[in-house]
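Quick look at query31.csv (CSV, C-alpha atoms (C1' of nucleotides)):
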```csv
chain,number,residue,atom,x,y,z
Z,1,MET,CA,101.2,88.8,92.2
Z,2,GLU,CA,99.9,86.0,90.1
Z,3,LYS,CA,100.6,83.7,93.0
Z,4,TYR,CA,97.7,85.1,95.0
Z,5,LYS,CA,95.1,84.3,92.5
Z,6,ASN,CA,94.0,81.2,94.2
Z,7,ILE,CA,94.6,82.3,97.7
Z,8,GLY,CA,90.9,81.9,98.4
Z,9,PHE,CA,89.8,85.2,99.9
Z,10,LYS,CA,88.8,88.5,98.4
Z,11,LEU,CA,91.7,90.1,96.8
Z,12,THR,CA,91.1,93.8,97.3
Z,13,PRO,CA,93.8,96.3,96.4
Z,14,GLN,CA,94.5,97.0,100.0
Z,15,ARG,CA,95.0,93.3,100.8
Z,16,LEU,CA,97.2,92.9,97.7
Z,17,ALA,CA,99.4,95.8,98.8
Z,18,ILE,CA,99.9,94.1,102.2
Z,19,LEU,CA,100.5,90.7,100.7
Z,20,ASP,CA,103.0,92.3,98.4
Z,21,TYR,CA,104.8,94.0,101.2
Z,22,LEU,CA,104.9,90.8,103.2
Z,23,ASP,CA,106.0,88.5,100.4
Z,24,GLY,CA,109.5,87.3,101.1
Z,25,ASN,CA,109.9,89.8,103.9
Z,26,LYS,CA,112.4,88.7,106.4
Z,27,ASN,CA,112.2,91.6,108.8
Z,28,HIS,CA,109.3,90.3,111.0
Z,29,PRO,CA,107.5,93.7,110.8
Z,30,SER,CA,104.9,94.9,113.2
Z,31,ALA,CA,101.5,96.1,112.2
Z,32,GLU,CA,102.7,99.7,112.5
Z,33,GLU,CA,105.6,99.1,110.2
Z,34,ILE,CA,103.4,97.4,107.7
Z,35,TYR,CA,101.0,100.3,107.9
Z,36,ARG,CA,103.8,102.8,107.4
Z,37,LYS,CA,105.2,101.1,104.4
Z,38,VAL,CA,102.0,100.2,102.7
Z,39,SER,CA,100.3,103.5,103.1
Z,40,LYS,CA,103.2,105.2,101.2
Z,41,ARG,CA,102.0,103.6,98.0
Z,42,PHE,CA,98.4,103.4,99.2
Z,43,PRO,CA,97.6,106.6,101.1
Z,44,THR,CA,94.0,105.7,101.9
Z,45,MET,CA,95.1,102.6,103.9
Z,46,SER,CA,93.6,102.3,107.3
Z,47,PHE,CA,95.1,100.8,110.4
Z,48,ALA,CA,91.9,98.7,110.8
Z,49,THR,CA,92.5,97.2,107.4
Z,50,VAL,CA,96.1,96.3,108.3
Z,51,TYR,CA,94.9,94.5,111.5
Z,52,ASN,CA,91.9,92.9,109.8
Z,53,THR,CA,94.0,91.6,106.9
Z,54,LEU,CA,96.8,90.3,109.2
Z,55,ASP,CA,94.2,88.6,111.3
Z,56,ALA,CA,92.5,87.1,108.3
Z,57,LEU,CA,95.9,85.8,107.0
Z,58,ARG,CA,96.8,84.4,110.4
Z,59,LYS,CA,93.5,82.6,110.7
Z,60,ARG,CA,94.1,81.1,107.2
Z,61,GLY,CA,97.6,80.1,108.1
Z,62,ASN,CA,99.3,82.4,105.6
Z,63,ILE,CA,101.3,84.2,108.2
Z,64,ILE,CA,102.5,83.6,111.7
Z,65,GLU,CA,102.0,86.0,114.6
Z,66,LEU,CA,105.2,86.2,116.7
Z,67,THR,CA,105.1,87.0,120.4
Z,68,ILE,CA,108.8,87.6,120.6
Z,69,ASP,CA,108.7,91.4,121.0
Z,70,PRO,CA,107.5,92.5,124.5
Z,71,ASP,CA,106.0,95.6,123.1
Z,72,LYS,CA,104.1,94.5,120.1
Z,73,LYS,CA,103.2,91.7,117.8
Z,74,ARG,CA,105.3,90.9,114.8
Z,75,PHE,CA,104.3,89.0,111.7
Z,76,ASP,CA,106.2,86.5,109.7
Z,77,PRO,CA,105.1,85.4,106.2
Z,78,ASN,CA,107.4,82.4,106.4
Z,79,THR,CA,105.1,79.7,107.6
Z,80,GLU,CA,107.6,76.9,107.4
Z,81,PRO,CA,108.5,75.7,110.8
Z,82,HIS,CA,111.6,77.6,111.9
Z,83,HIS,CA,113.1,79.3,114.9
Z,84,HIS,CA,114.4,82.8,115.7
Z,85,LEU,CA,117.5,84.5,116.8
Z,86,ILE,CA,116.8,87.8,118.6
Z,87,CYS,CA,119.2,90.6,119.3
Z,88,ILE,CA,118.7,91.6,123.0
Z,89,ARG,CA,119.9,95.1,122.2
Z,90,CYS,CA,118.2,96.2,119.1
Z,91,ARG,CA,115.5,93.5,118.9
Z,92,LYS,CA,116.4,92.5,115.4
Z,93,ILE,CA,115.1,89.1,114.6
Z,94,MET,CA,116.8,86.6,112.3
Z,95,ASP,CA,115.5,83.2,111.1
Z,96,ILE,CA,117.1,79.9,112.1
Z,97,HIS,CA,116.2,77.1,109.8
Z,98,ASN,CA,118.1,74.3,111.5
Z,99,LYS,CA,116.2,71.4,112.8
Z,100,PHE,CA,116.5,70.5,116.5
Z,101,SER,CA,115.4,67.5,118.3
Z,102,VAL,CA,113.5,68.6,121.4
Z,103,THR,CA,111.4,65.8,122.6
Z,104,VAL,CA,109.8,66.2,126.0
Z,105,LYS,CA,109.6,63.0,128.1
Z,106,LYS,CA,106.1,61.8,128.7
Z,107,GLU,CA,106.5,62.3,132.5
Z,108,SER,CA,107.4,65.9,132.0
Z,109,GLN,CA,104.4,66.8,129.8
Z,110,GLY,CA,102.0,67.2,132.7
Z,111,GLY,CA,99.2,65.6,130.6
Z,112,PHE,CA,99.6,68.1,127.8
Z,113,LYS,CA,99.3,66.9,124.2
Z,114,ILE,CA,102.3,68.6,122.6
Z,115,ILE,CA,101.8,69.7,119.0
Z,116,GLY,CA,104.7,72.0,118.2
Z,117,ASN,CA,107.6,74.1,119.5
Z,118,HIS,CA,109.5,77.2,118.7
Z,119,ILE,CA,113.0,78.1,119.9
Z,120,GLU,CA,114.0,81.7,120.7
Z,121,PHE,CA,117.8,82.2,120.6
Z,122,TYR,CA,119.0,85.3,122.3
Z,123,GLY,CA,122.2,87.0,121.3
Z,124,ILE,CA,123.9,90.2,120.1
Z,125,CYS,CA,123.8,91.0,116.4
Z,126,PRO,CA,126.8,92.1,114.3
Z,127,ASP,CA,125.6,95.7,114.3
Z,128,CYS,CA,125.3,95.9,118.0
Z,129,GLN,CA,128.6,94.1,118.6
Z,130,ASN,CA,130.3,96.8,116.4
Z,131,HIS,CA,128.6,99.7,118.0
Z,132,GLU,CA,130.2,98.5,121.2
Z,133,GLN,CA,127.3,99.8,123.2
Z,134,LYS,CA,128.2,100.2,126.9
Z,135,GLU,CA,124.6,99.9,128.2
Z,136,GLU,CA,122.7,96.7,127.9
Z,137,VAL,CA,119.1,96.7,127.0
Z,138,ILE,CA,117.7,96.1,130.4
L,1,MET,CA,110.1,86.4,154.4
L,2,GLU,CA,113.4,86.2,156.2
L,3,LYS,CA,114.9,85.2,152.9
L,4,TYR,CA,114.5,88.7,151.5
L,5,LYS,CA,116.5,90.4,154.2
L,6,ASN,CA,119.6,90.6,152.1
L,7,ILE,CA,117.9,91.1,148.8
L,8,GLY,CA,119.6,94.5,148.6
L,9,PHE,CA,116.9,97.0,147.8
L,10,LYS,CA,114.4,98.8,149.9
L,11,LEU,CA,112.0,96.3,151.4
L,12,THR,CA,108.7,98.2,151.7
L,13,PRO,CA,105.5,96.4,152.7
L,14,GLN,CA,104.2,96.7,149.1
L,15,ARG,CA,107.3,95.0,147.8
L,16,LEU,CA,107.2,92.4,150.4
L,17,ALA,CA,103.6,91.6,149.5
L,18,ILE,CA,104.5,91.3,145.8
L,19,LEU,CA,107.6,89.2,146.6
L,20,ASP,CA,105.4,87.0,148.8
L,21,TYR,CA,102.8,86.5,146.1
L,22,LEU,CA,105.5,85.7,143.5
L,23,ASP,CA,107.5,83.3,145.8
L,24,GLY,CA,107.2,79.9,144.4
L,25,ASN,CA,104.4,81.0,142.1
L,26,LYS,CA,104.2,78.7,139.1
L,27,ASN,CA,101.3,80.5,137.3
L,28,HIS,CA,103.3,83.0,135.3
L,29,PRO,CA,101.0,85.8,136.4
L,30,SER,CA,100.5,89.1,134.5
L,31,ALA,CA,100.9,92.5,136.2
L,32,GLU,CA,97.2,92.7,136.4
L,33,GLU,CA,96.9,89.4,138.1
L,34,ILE,CA,99.6,90.3,140.6
L,35,TYR,CA,97.8,93.6,141.3
L,36,ARG,CA,94.5,91.9,141.8
L,37,LYS,CA,95.8,89.4,144.2
L,38,VAL,CA,98.1,91.6,146.2
L,39,SER,CA,95.7,94.5,146.5
L,40,LYS,CA,93.2,92.2,148.3
L,41,ARG,CA,95.5,92.1,151.3
L,42,PHE,CA,96.9,95.5,150.6
L,43,PRO,CA,94.1,97.7,149.4
L,44,THR,CA,96.3,100.8,148.9
L,45,MET,CA,98.4,99.0,146.3
L,46,SER,CA,98.9,101.0,143.2
L,47,PHE,CA,99.4,99.7,139.6
L,48,ALA,CA,102.5,101.8,139.3
L,49,THR,CA,104.0,100.1,142.3
L,50,VAL,CA,103.4,96.7,140.8
L,51,TYR,CA,105.0,97.7,137.5
L,52,ASN,CA,107.9,99.5,139.3
L,53,THR,CA,108.6,96.6,141.5
L,54,LEU,CA,108.4,94.1,138.7
L,55,ASP,CA,110.8,96.2,136.7
L,56,ALA,CA,113.2,96.6,139.6
L,57,LEU,CA,113.1,92.8,140.2
L,58,ARG,CA,113.7,92.1,136.5
L,59,LYS,CA,116.6,94.5,136.3
L,60,ARG,CA,118.1,92.8,139.3
L,61,GLY,CA,117.6,89.4,137.8
L,62,ASN,CA,115.1,88.2,140.5
L,63,ILE,CA,112.4,87.5,138.0
L,64,ILE,CA,112.0,86.9,134.3
L,65,GLU,CA,109.7,88.7,132.0
L,66,LEU,CA,108.0,86.3,129.6
L,67,THR,CA,106.9,87.4,126.1
L,68,ILE,CA,104.8,84.3,125.6
L,69,ASP,CA,101.4,85.8,125.8
L,70,PRO,CA,100.4,87.9,122.8
L,71,ASP,CA,98.3,90.2,125.0
L,72,LYS,CA,100.4,91.0,127.9
L,73,LYS,CA,103.7,90.4,129.7
L,74,ARG,CA,103.9,87.6,132.2
L,75,PHE,CA,106.4,87.2,135.0
L,76,ASP,CA,108.2,84.2,136.3
L,77,PRO,CA,110.0,84.1,139.6
L,78,ASN,CA,111.8,81.0,138.6
L,79,THR,CA,115.1,82.3,137.2
L,80,GLU,CA,116.7,78.9,136.6
L,81,PRO,CA,117.0,78.4,132.9
L,82,HIS,CA,114.0,76.4,131.8
L,83,HIS,CA,111.4,76.2,129.1
L,84,HIS,CA,107.6,76.5,128.8
L,85,LEU,CA,104.7,74.5,127.6
L,86,ILE,CA,101.8,76.6,126.5
L,87,CYS,CA,98.2,75.6,126.1
L,88,ILE,CA,97.0,77.0,122.8
L,89,ARG,CA,93.4,77.1,124.0
L,90,CYS,CA,93.5,78.5,127.5
L,91,ARG,CA,97.0,79.9,127.5
L,92,LYS,CA,98.0,78.1,130.7
L,93,ILE,CA,101.8,77.9,130.9
L,94,MET,CA,103.7,75.1,132.5
L,95,ASP,CA,107.4,74.8,133.2
L,96,ILE,CA,109.6,72.3,131.4
L,97,HIS,CA,112.9,71.7,133.3
L,98,ASN,CA,114.4,69.2,130.9
L,99,LYS,CA,117.7,70.1,129.2
L,100,PHE,CA,117.9,70.2,125.4
L,101,SER,CA,120.9,70.5,123.2
L,102,VAL,CA,120.2,73.2,120.7
L,103,THR,CA,123.5,74.4,119.2
L,104,VAL,CA,123.3,76.6,116.2
L,105,LYS,CA,126.0,76.0,113.6
L,106,LYS,CA,128.3,78.9,113.2
L,107,GLU,CA,127.3,79.4,109.6
L,108,SER,CA,123.7,79.8,110.6
L,109,GLN,CA,124.3,82.4,113.3
L,110,GLY,CA,124.6,85.3,110.9
L,111,GLY,CA,127.4,86.9,112.9
L,112,PHE,CA,125.3,86.9,116.1
L,113,LYS,CA,126.9,86.1,119.4
L,114,ILE,CA,124.4,83.7,120.9
L,115,ILE,CA,124.1,83.8,124.7
L,116,GLY,CA,120.9,81.9,125.5
L,117,ASN,CA,117.8,80.2,124.3
L,118,HIS,CA,114.2,79.5,125.4
L,119,ILE,CA,111.9,76.8,123.9
L,120,GLU,CA,108.2,77.3,123.8
L,121,PHE,CA,106.3,74.1,123.4
L,122,TYR,CA,102.7,74.3,122.2
L,123,GLY,CA,100.0,71.9,123.1
L,124,ILE,CA,96.7,71.3,124.7
L,125,CYS,CA,96.4,71.0,128.5
L,126,PRO,CA,94.5,68.3,130.3
L,127,ASP,CA,91.6,70.6,131.2
L,128,CYS,CA,91.1,71.7,127.6
L,129,GLN,CA,91.4,68.1,126.3
L,130,ASN,CA,88.6,67.1,128.8
L,131,HIS,CA,86.4,70.1,128.0
L,132,GLU,CA,86.4,68.7,124.4
L,133,GLN,CA,86.1,72.2,123.0
L,134,LYS,CA,85.0,72.3,119.5
L,135,GLU,CA,86.5,75.7,118.6
L,136,GLU,CA,90.2,76.2,118.5
L,137,VAL,CA,91.8,79.4,119.8
L,138,ILE,CA,92.3,81.0,116.4
G,1,DA,C1',115.2,107.2,169.6
G,2,DT,C1',115.5,111.5,166.1
G,3,DA,C1',116.5,113.8,162.1
G,4,DC,C1',118.1,113.4,157.4
G,5,DT,C1',118.5,111.8,152.8
G,6,DT,C1',116.9,109.2,149.3
G,7,DA,C1',113.9,106.3,147.1
G,8,DA,C1',109.2,104.4,146.9
G,9,DT,C1',104.1,105.1,146.7
G,10,DA,C1',99.6,106.5,145.1
G,11,DA,C1',96.5,108.5,141.9
G,12,DG,C1',95.6,109.7,137.9
G,13,DA,C1',97.0,111.4,133.4
G,14,DA,C1',99.4,110.0,129.3
G,15,DT,C1',100.9,106.9,125.8
G,16,DA,C1',100.9,103.0,122.7
G,17,DA,C1',99.1,98.9,120.7
G,18,DT,C1',95.1,96.9,119.3
G,19,DT,C1',90.1,96.3,118.8
G,20,DC,C1',85.6,97.9,118.0
G,21,DT,C1',81.8,100.6,115.6
G,22,DA,C1',79.1,102.5,112.2
G,23,DA,C1',78.5,104.1,107.6
G,24,DG,C1',79.6,103.8,103.1
G,25,DG,C1',81.6,101.1,99.1
G,26,DA,C1',83.0,97.5,96.2
G,27,DA,C1',82.9,92.5,94.8
G,28,DA,C1',80.5,88.3,93.9
G,29,DA,C1',76.1,86.0,93.5
G,30,DA,C1',71.5,85.8,91.8
A,1,DT,C1',71.0,94.9,87.3
A,2,DT,C1',69.8,94.0,91.9
A,3,DT,C1',70.9,91.9,96.0
A,4,DT,C1',73.8,90.3,99.3
A,5,DT,C1',77.9,89.9,101.5
A,6,DC,C1',81.9,91.4,103.0
A,7,DC,C1',85.6,95.1,103.0
A,8,DT,C1',87.2,99.6,104.1
A,9,DT,C1',87.6,103.8,106.5
A,10,DA,C1',87.9,107.0,110.3
A,11,DG,C1',87.6,107.6,114.6
A,12,DA,C1',86.2,106.1,119.1
A,13,DA,C1',87.0,102.7,122.6
A,14,DT,C1',89.7,99.5,125.1
A,15,DT,C1',93.7,97.5,127.3
A,16,DA,C1',98.3,97.3,128.8
A,17,DT,C1',101.9,100.0,130.3
A,18,DT,C1',104.5,104.1,131.4
A,19,DC,C1',104.9,108.7,133.2
A,20,DT,C1',104.2,112.7,136.5
A,21,DT,C1',104.0,114.8,140.8
A,22,DA,C1',103.2,115.4,145.4
A,23,DT,C1',103.5,112.8,149.4
A,24,DT,C1',105.3,109.3,152.4
A,25,DA,C1',108.3,106.0,154.3
A,26,DA,C1',112.7,103.3,154.6
A,27,DG,C1',117.4,103.2,155.6
A,28,DT,C1',121.2,105.7,157.6
A,29,DA,C1',123.6,108.7,160.4
A,30,DT,C1',123.2,111.3,164.5
```
Please express what this file holds, its structure, as structure tokens.
Amino acid sequence: MEKYKNIGFKLTPQRLAILDYLDGNKNHPSAEEIYRKVSKRFPTMSFATVYNTLDALRKRGNIIELTIDPDKKRFDPNTEPHHHLICIRCRKIMDIHNKFSVTVKKESQGGFKIIGNHIEFYGICPDCQNHEQKEEVI
Amino acid sequence: MEKYKNIGFKLTPQRLAILDYLDGNKNHPSAEEIYRKVSKRFPTMSFATVYNTLDALRKRGNIIELTIDPDKKRFDPNTEPHHHLICIRCRKIMDIHNKFSVTVKKESQGGFKIIGNHIEFYGICPDCQNHEQKEEVI
DNA sequence: ATACTTAATAAGAATAATTCTAAGGAAAAA
DNA sequence: TTTTTCCTTAGAATTATTCTTATTAAGTAT
């Protein structure tokens, strides 16, 4: 965790545990998942600390808050611009690092100043294809 | 509301009021906003009815549930495939009807069967540009 | 039009995610 | 070391959403 030395905010043990759990994590975990995992090794962890730390990291641009899941926020430590592929059955989220050219014509921008974009691809993941589920997630 | 005659599910006054409010609505309202507006003309409206009706409409493909707002679900009666432009300050949402070619290379799909996509553009709307706000929505 | 069957409504309780509060505690500054 | 600042904790509070149950109304058959 040498890499965090110069991160520029107070490195408490709780924050280190959260940073360590997030580091390289590709599962786009929710606050609850982070809390569950981190409190295993750090039993005094509080939910408020998880939310506070996530919010501090988000404000500093160290993580991205995803609004992909209708039920809860998910967090992504990968702050490189990228897109996501979401399984409509199990809600698994995978990264897509391809570049796409999606320029909106001036006359379609409605006066907005556009500063970024994010593409959500929807599909069915290998697991769910194999399980041959009969019922869609509706 | 002649158009709803053959919609194929029980047309109660409450449902008609919700359908009427949603018809052509481009504001991507939340359940709470729908409840507020519809209960003005229909004071006995219940929150459960709003949610039940929205869910019924969603399951039937008459509306789309948007996961764009981190705080709540929003609903879009426009079921044509389209994209959205979101103001990062006031969270206003505008439709983008342009077509974009965003094909993911097979080797980047991780075995997913891709069946759709949705692009979120982020920007600052005219109102918020004019208000010259000093603080970003963080 | 009337009765029947089924599904929808209303009100409020319950749940889940998130935020807030207050008191104590630890880190950095003086 | 003392002070100051900010973090952490535990739990309460809030907000969005879902669930429960008795009641009511819509659609259908009579």
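Picture a line from CA of Lys72 in chain Z to CA of Asp55 in chain L; it runs 18.0 Å.
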Under the rule of at most 9 Å, produce a per-residue listing of chain A near chain Z: chain, number, name, the closest pair of atoms, and the distance in Å, as CSV, using only C-alpha atoms (C1' of nucleotides).
```
residue,atom,partner,partner_atom,distance
A:DC6,C1',Z:Lys10,CA,8.8
A:DC7,C1',Z:Thr12,CA,8.0
A:DT8,C1',Z:Thr49,CA,6.7
A:DT9,C1',Z:Ser46,CA,6.2
A:DA10,C1',Z:Ser46,CA,8.0
```
- Message: Using all atoms listed in the file and a distance of at most 7 Å, pull out the residues of chain L that contact chain Z, as JSON, numbers by chain.
- Response: {"L": [59, 67, 68, 69, 70, 73, 96, 100, 102, 108, 111, 112, 113, 114, 115, 116, 117, 118, 119, 120, 121, 122, 123, 124, 125, 126, 138]}
Output C-alpha atoms of each residue in that selection to a file, as a PDB file, in the coordinates of the input.
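Okay, part09.pdb is ready:
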```pdb
ATOM      1  CA  LYS L  59     116.600  94.500 136.300  1.00  0.00           C
ATOM      2  CA  THR L  67     106.900  87.400 126.100  1.00  0.00           C
ATOM      3  CA  ILE L  68     104.800  84.300 125.600  1.00  0.00           C
ATOM      4  CA  ASP L  69     101.400  85.800 125.800  1.00  0.00           C
ATOM      5  CA  PRO L  70     100.400  87.900 122.800  1.00  0.00           C
ATOM      6  CA  LYS L  73     103.700  90.400 129.700  1.00  0.00           C
ATOM      7  CA  ILE L  96     109.600  72.300 131.400  1.00  0.00           C
ATOM      8  CA  PHE L 100     117.900  70.200 125.400  1.00  0.00           C
ATOM      9  CA  VAL L 102     120.200  73.200 120.700  1.00  0.00           C
ATOM     10  CA  SER L 108     123.700  79.800 110.600  1.00  0.00           C
ATOM     11  CA  GLY L 111     127.400  86.900 112.900  1.00  0.00           C
ATOM     12  CA  PHE L 112     125.300  86.900 116.100  1.00  0.00           C
ATOM     13  CA  LYS L 113     126.900  86.100 119.400  1.00  0.00           C
ATOM     14  CA  ILE L 114     124.400  83.700 120.900  1.00  0.00           C
ATOM     15  CA  ILE L 115     124.100  83.800 124.700  1.00  0.00           C
ATOM     16  CA  GLY L 116     120.900  81.900 125.500  1.00  0.00           C
ATOM     17  CA  ASN L 117     117.800  80.200 124.300  1.00  0.00           C
ATOM     18  CA  HIS L 118     114.200  79.500 125.400  1.00  0.00           C
ATOM     19  CA  ILE L 119     111.900  76.800 123.900  1.00  0.00           C
ATOM     20  CA  GLU L 120     108.200  77.300 123.800  1.00  0.00           C
ATOM     21  CA  PHE L 121     106.300  74.100 123.400  1.00  0.00           C
ATOM     22  CA  TYR L 122     102.700  74.300 122.200  1.00  0.00           C
ATOM     23  CA  GLY L 123     100.000  71.900 123.100  1.00  0.00           C
ATOM     24  CA  ILE L 124      96.700  71.300 124.700  1.00  0.00           C
ATOM     25  CA  CYS L 125      96.400  71.000 128.500  1.00  0.00           C
ATOM     26  CA  PRO L 126      94.500  68.300 130.300  1.00  0.00           C
ATOM     27  CA  ILE L 138      92.300  81.000 116.400  1.00  0.00           C
TER      28      ILE L 138
END
```
- So how far away is CA of Arg89 in chain L from CA of Ala56 in chain Z, in Å?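 Separation of CA of Ala56 in chain Z and CA of Arg89 in chain L: 18.6 Å.
What separates CA of Tyr21 in chain Z from C1' of DG25 in chain G is a distance of 24.4 Å.
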Please produce, as JSON lines, a per-residue contact table for chain G versus chain L (criterion: any atom at most 10 Å away, only C-alpha atoms (C1' of nucleotides) considered), showing the nearest atom pair and its distance in Å to one decimal, sorted by chain then residue number.
```
{"residue": "G:DA7", "atom": "C1'", "partner": "L:Lys10", "partner_atom": "CA", "distance": 8.0}
{"residue": "G:DA8", "atom": "C1'", "partner": "L:Thr12", "partner_atom": "CA", "distance": 7.9}
{"residue": "G:DT9", "atom": "C1'", "partner": "L:Thr49", "partner_atom": "CA", "distance": 6.7}
{"residue": "G:DA10", "atom": "C1'", "partner": "L:Ser46", "partner_atom": "CA", "distance": 5.9}
{"residue": "G:DA11", "atom": "C1'", "partner": "L:Ser46", "partner_atom": "CA", "distance": 8.0}
{"residue": "G:DA17", "atom": "C1'", "partner": "L:Asp71", "partner_atom": "CA", "distance": 9.7}
{"residue": "G:DT18", "atom": "C1'", "partner": "L:Asp71", "partner_atom": "CA", "distance": 9.4}
```
